[in-house]
Amino acid sequence: MEKEEIGAYKSQDKKHGFDFIFEGEIRFGPTYYKIKLNGQLIENRIFGFEFKWHPNSTFLALQEWLTIDYQKGPITALTLIDLKKGKLARISTAEKGFIKPIKFNNDIIIFEKEYLANGKIVEYEIKLDEIKNWE
């Protein structure tokens, strides 16, 4: 059976776009998706429905799910895609919480980690030129 594709989310310059492809749903929780970026499926990764485009259309920030195991999770990561180089970097993780990209501010990505168990939300920022783990 064909998986349902949701939307075509375009970058500001309209040169890049991605689709969420429904993959499943956590028990008592949110849905998760595969992503097709510029027509190419990102293999072996799943994502939540949180994302932000860089205003210059150079980066895409996504909420990546590192587990769908109800007992262990949620464990999510902030994953950045360098759209010019076609590389990905996982830049931060939240154990028992959800990461949400908030915005890009020039050369900085601002994001928050929300921990549902204690209702805590913490905001972070990382300079894009400090990210070294591109793959």
# chains A, B, ... in the order shown; residues from 1 in each chain; ligands from 1
>>> residues_around(residues="Asn133 of chain A", least_positions_apart="6", cutoff="8 Å", atoms="only C-alpha atoms", output="PyMOL selection string")
chain A and resi 89-91
>>> write_last_selection(atoms="C-alpha atoms", output="PDB file, in the first residue's frame")
ATOM      1  CA  ALA A  89      24.278  16.806  11.057  1.00  0.00           C
ATOM      2  CA  ARG A  90      22.593  15.759  14.289  1.00  0.00           C
ATOM      3  CA  ILE A  91      23.405  18.691  16.526  1.00  0.00           C
TER       4      ILE A  91
END
>>> residues_around(residues="Arg45 of chain A", least_positions_apart="6", cutoff="8 Å", atoms="only C-alpha atoms", output="short mmCIF file (atom, residue, chain, number, x, y, z; two decimals) with C-alpha atoms, in the first residue's frame")
data_model
loop_
_atom_site.label_atom_id
_atom_site.label_comp_id
_atom_site.auth_asym_id
_atom_site.auth_seq_id
_atom_site.Cartn_x
_atom_site.Cartn_y
_atom_site.Cartn_z
CA LYS A 34 9.76 9.64 6.53
CA GLU A 64 14.44 13.62 14.11
CA TRP A 65 13.16 10.71 16.17
CA LEU A 66 15.87 8.36 17.43
#
>>> closest_atom_pairs(of="segment 35-110 of chain A", to="segment 15-23 of chain A", cutoff="7 Å", atoms="only C-alpha atoms", output="Markdown table")
| residue | atom | partner | partner_atom | distance |
| --- | --- | --- | --- | --- |
| A:Ile35 | CA | A:Phe20 | CA | 4.9 |
| A:Lys36 | CA | A:Asp19 | CA | 5.3 |
| A:Leu37 | CA | A:Phe18 | CA | 4.3 |
| A:Asn38 | CA | A:Gly17 | CA | 5.3 |
>>> closest_residue(among="A:Lys72, A:Lys10, A:Lys120, A:Lys127", to="Trp53 of chain A", atoms="only C-alpha atoms")
A:Lys10
>>> residues_around(residues="Tyr124 of chain A", least_positions_apart="3", cutoff="6 Å", atoms="only C-alpha atoms", output="MDAnalysis selection string")
chainID A and resid 110:112
>>> closest_residue(among="A:Asn118, A:Tyr9, A:Lys103, A:Ile75", to="Gly39 of chain A", atoms="only C-alpha atoms")
A:Tyr9
>>> select_by_dssp(residues="chain A", states="strand (DSSP E or B)", output="PyMOL selection string")
chain A and resi 5-10+17-25+31-37+40-41+46-53+59-65+75-82+87-95+98-105+108-115+120-127
>>> write_last_selection(atoms="C-alpha atoms", output="PDB file, in the first residue's frame")
ATOM      1  CA  GLU A   5       2.465  12.009   1.404  1.00  0.00           C
ATOM      2  CA  ILE A   6       1.621  15.189   3.263  1.00  0.00           C
ATOM      3  CA  GLY A   7       2.241  18.544   1.648  1.00  0.00           C
ATOM      4  CA  ALA A   8       5.068  19.925  -0.375  1.00  0.00           C
ATOM      5  CA  TYR A   9       6.916  22.288   1.914  1.00  0.00           C
ATOM      6  CA  LYS A  10       8.967  24.720  -0.170  1.00  0.00           C
ATOM      7  CA  GLY A  17      11.044  21.199  -1.106  1.00  0.00           C
ATOM      8  CA  PHE A  18      10.143  18.188   0.961  1.00  0.00           C
ATOM      9  CA  ASP A  19       7.198  15.954   1.702  1.00  0.00           C
ATOM     10  CA  PHE A  20       6.294  14.212   4.931  1.00  0.00           C
ATOM     11  CA  ILE A  21       5.380  10.568   4.273  1.00  0.00           C
ATOM     12  CA  PHE A  22       3.225   9.137   7.073  1.00  0.00           C
ATOM     13  CA  GLU A  23       5.068   6.249   8.701  1.00  0.00           C
ATOM     14  CA  GLY A  24       3.288   5.553  12.010  1.00  0.00           C
ATOM     15  CA  GLU A  25       2.046   6.775  15.340  1.00  0.00           C
ATOM     16  CA  THR A  31       2.734  10.710  14.439  1.00  0.00           C
ATOM     17  CA  TYR A  32       6.094  10.270  12.754  1.00  0.00           C
ATOM     18  CA  TYR A  33       7.172  10.443   9.147  1.00  0.00           C
ATOM     19  CA  LYS A  34       9.755   9.635   6.532  1.00  0.00           C
ATOM     20  CA  ILE A  35      10.922  12.625   4.505  1.00  0.00           C
ATOM     21  CA  LYS A  36      11.435  12.979   0.793  1.00  0.00           C
ATOM     22  CA  LEU A  37      13.730  15.982   0.219  1.00  0.00           C
ATOM     23  CA  GLN A  40      14.924  11.904  -2.679  1.00  0.00           C
ATOM     24  CA  LEU A  41      13.934   9.749   0.318  1.00  0.00           C
ATOM     25  CA  ILE A  46      12.179   9.214  10.859  1.00  0.00           C
ATOM     26  CA  PHE A  47      10.988  12.675  11.789  1.00  0.00           C
ATOM     27  CA  GLY A  48       8.345  14.545  13.739  1.00  0.00           C
ATOM     28  CA  PHE A  49       6.267  17.319  12.227  1.00  0.00           C
ATOM     29  CA  GLU A  50       8.561  20.154  13.386  1.00  0.00           C
ATOM     30  CA  PHE A  51      10.800  22.009  10.937  1.00  0.00           C
ATOM     31  CA  LYS A  52      12.231  25.415  10.033  1.00  0.00           C
ATOM     32  CA  TRP A  53      13.782  26.684   6.812  1.00  0.00           C
ATOM     33  CA  PHE A  59      19.544  24.962   5.742  1.00  0.00           C
ATOM     34  CA  LEU A  60      16.565  22.905   6.849  1.00  0.00           C
ATOM     35  CA  ALA A  61      16.182  22.088  10.571  1.00  0.00           C
ATOM     36  CA  LEU A  62      14.113  19.007  11.479  1.00  0.00           C
ATOM     37  CA  GLN A  63      13.002  17.108  14.563  1.00  0.00           C
ATOM     38  CA  GLU A  64      14.435  13.624  14.107  1.00  0.00           C
ATOM     39  CA  TRP A  65      13.164  10.707  16.171  1.00  0.00           C
ATOM     40  CA  ILE A  75      14.347  10.542  22.244  1.00  0.00           C
ATOM     41  CA  THR A  76      14.558  13.214  19.571  1.00  0.00           C
ATOM     42  CA  ALA A  77      17.343  15.135  17.882  1.00  0.00           C
ATOM     43  CA  LEU A  78      17.703  18.417  16.099  1.00  0.00           C
ATOM     44  CA  THR A  79      18.951  17.471  12.650  1.00  0.00           C
ATOM     45  CA  LEU A  80      20.219  20.081  10.210  1.00  0.00           C
ATOM     46  CA  ILE A  81      20.486  19.621   6.476  1.00  0.00           C
ATOM     47  CA  ASP A  82      22.953  21.752   4.540  1.00  0.00           C
ATOM     48  CA  LYS A  87      24.934  16.868   4.151  1.00  0.00           C
ATOM     49  CA  LEU A  88      23.198  16.170   7.467  1.00  0.00           C
ATOM     50  CA  ALA A  89      24.278  16.806  11.057  1.00  0.00           C
ATOM     51  CA  ARG A  90      22.593  15.759  14.289  1.00  0.00           C
ATOM     52  CA  ILE A  91      23.405  18.691  16.526  1.00  0.00           C
ATOM     53  CA  SER A  92      21.547  18.060  19.790  1.00  0.00           C
ATOM     54  CA  THR A  93      19.395  15.375  21.411  1.00  0.00           C
ATOM     55  CA  ALA A  94      16.640  15.352  24.017  1.00  0.00           C
ATOM     56  CA  GLU A  95      16.249  12.214  26.140  1.00  0.00           C
ATOM     57  CA  PHE A  98      11.010  16.693  22.120  1.00  0.00           C
ATOM     58  CA  ILE A  99      13.312  19.076  20.266  1.00  0.00           C
ATOM     59  CA  LYS A 100      11.677  21.842  18.276  1.00  0.00           C
ATOM     60  CA  PRO A 101      13.533  24.191  15.906  1.00  0.00           C
ATOM     61  CA  ILE A 102      12.343  27.742  16.635  1.00  0.00           C
ATOM     62  CA  LYS A 103      14.173  29.946  14.140  1.00  0.00           C
ATOM     63  CA  PHE A 104      17.369  30.823  12.393  1.00  0.00           C
ATOM     64  CA  ASN A 105      18.918  34.137  13.376  1.00  0.00           C
ATOM     65  CA  ILE A 108      22.565  30.777  14.641  1.00  0.00           C
ATOM     66  CA  ILE A 109      19.893  28.095  15.003  1.00  0.00           C
ATOM     67  CA  ILE A 110      17.606  28.582  18.012  1.00  0.00           C
ATOM     68  CA  PHE A 111      15.707  25.564  19.314  1.00  0.00           C
ATOM     69  CA  GLU A 112      13.978  24.315  22.421  1.00  0.00           C
ATOM     70  CA  LYS A 113      13.817  21.050  24.297  1.00  0.00           C
ATOM     71  CA  GLU A 114      10.487  20.202  25.898  1.00  0.00           C
ATOM     72  CA  TYR A 115      10.404  17.597  28.646  1.00  0.00           C
ATOM     73  CA  LYS A 120      10.159  21.959  31.466  1.00  0.00           C
ATOM     74  CA  ILE A 121      11.034  23.860  28.268  1.00  0.00           C
ATOM     75  CA  VAL A 122      14.618  25.034  27.759  1.00  0.00           C
ATOM     76  CA  GLU A 123      15.838  27.190  24.858  1.00  0.00           C
ATOM     77  CA  TYR A 124      19.261  26.719  23.243  1.00  0.00           C
ATOM     78  CA  GLU A 125      21.231  28.178  20.366  1.00  0.00           C
ATOM     79  CA  ILE A 126      24.142  26.896  18.303  1.00  0.00           C
ATOM     80  CA  LYS A 127      26.294  28.782  15.805  1.00  0.00           C
TER      81      LYS A 127
END
>>> atom_distance(atom1="atom CA of Gln12 of chain A", atom2="atom CA of Glu43 of chain A")
24.8 Å
>>> atom_distance(atom1="atom CA of Lys85 of chain A", atom2="atom CA of Asn44 of chain A")
19.6 Å
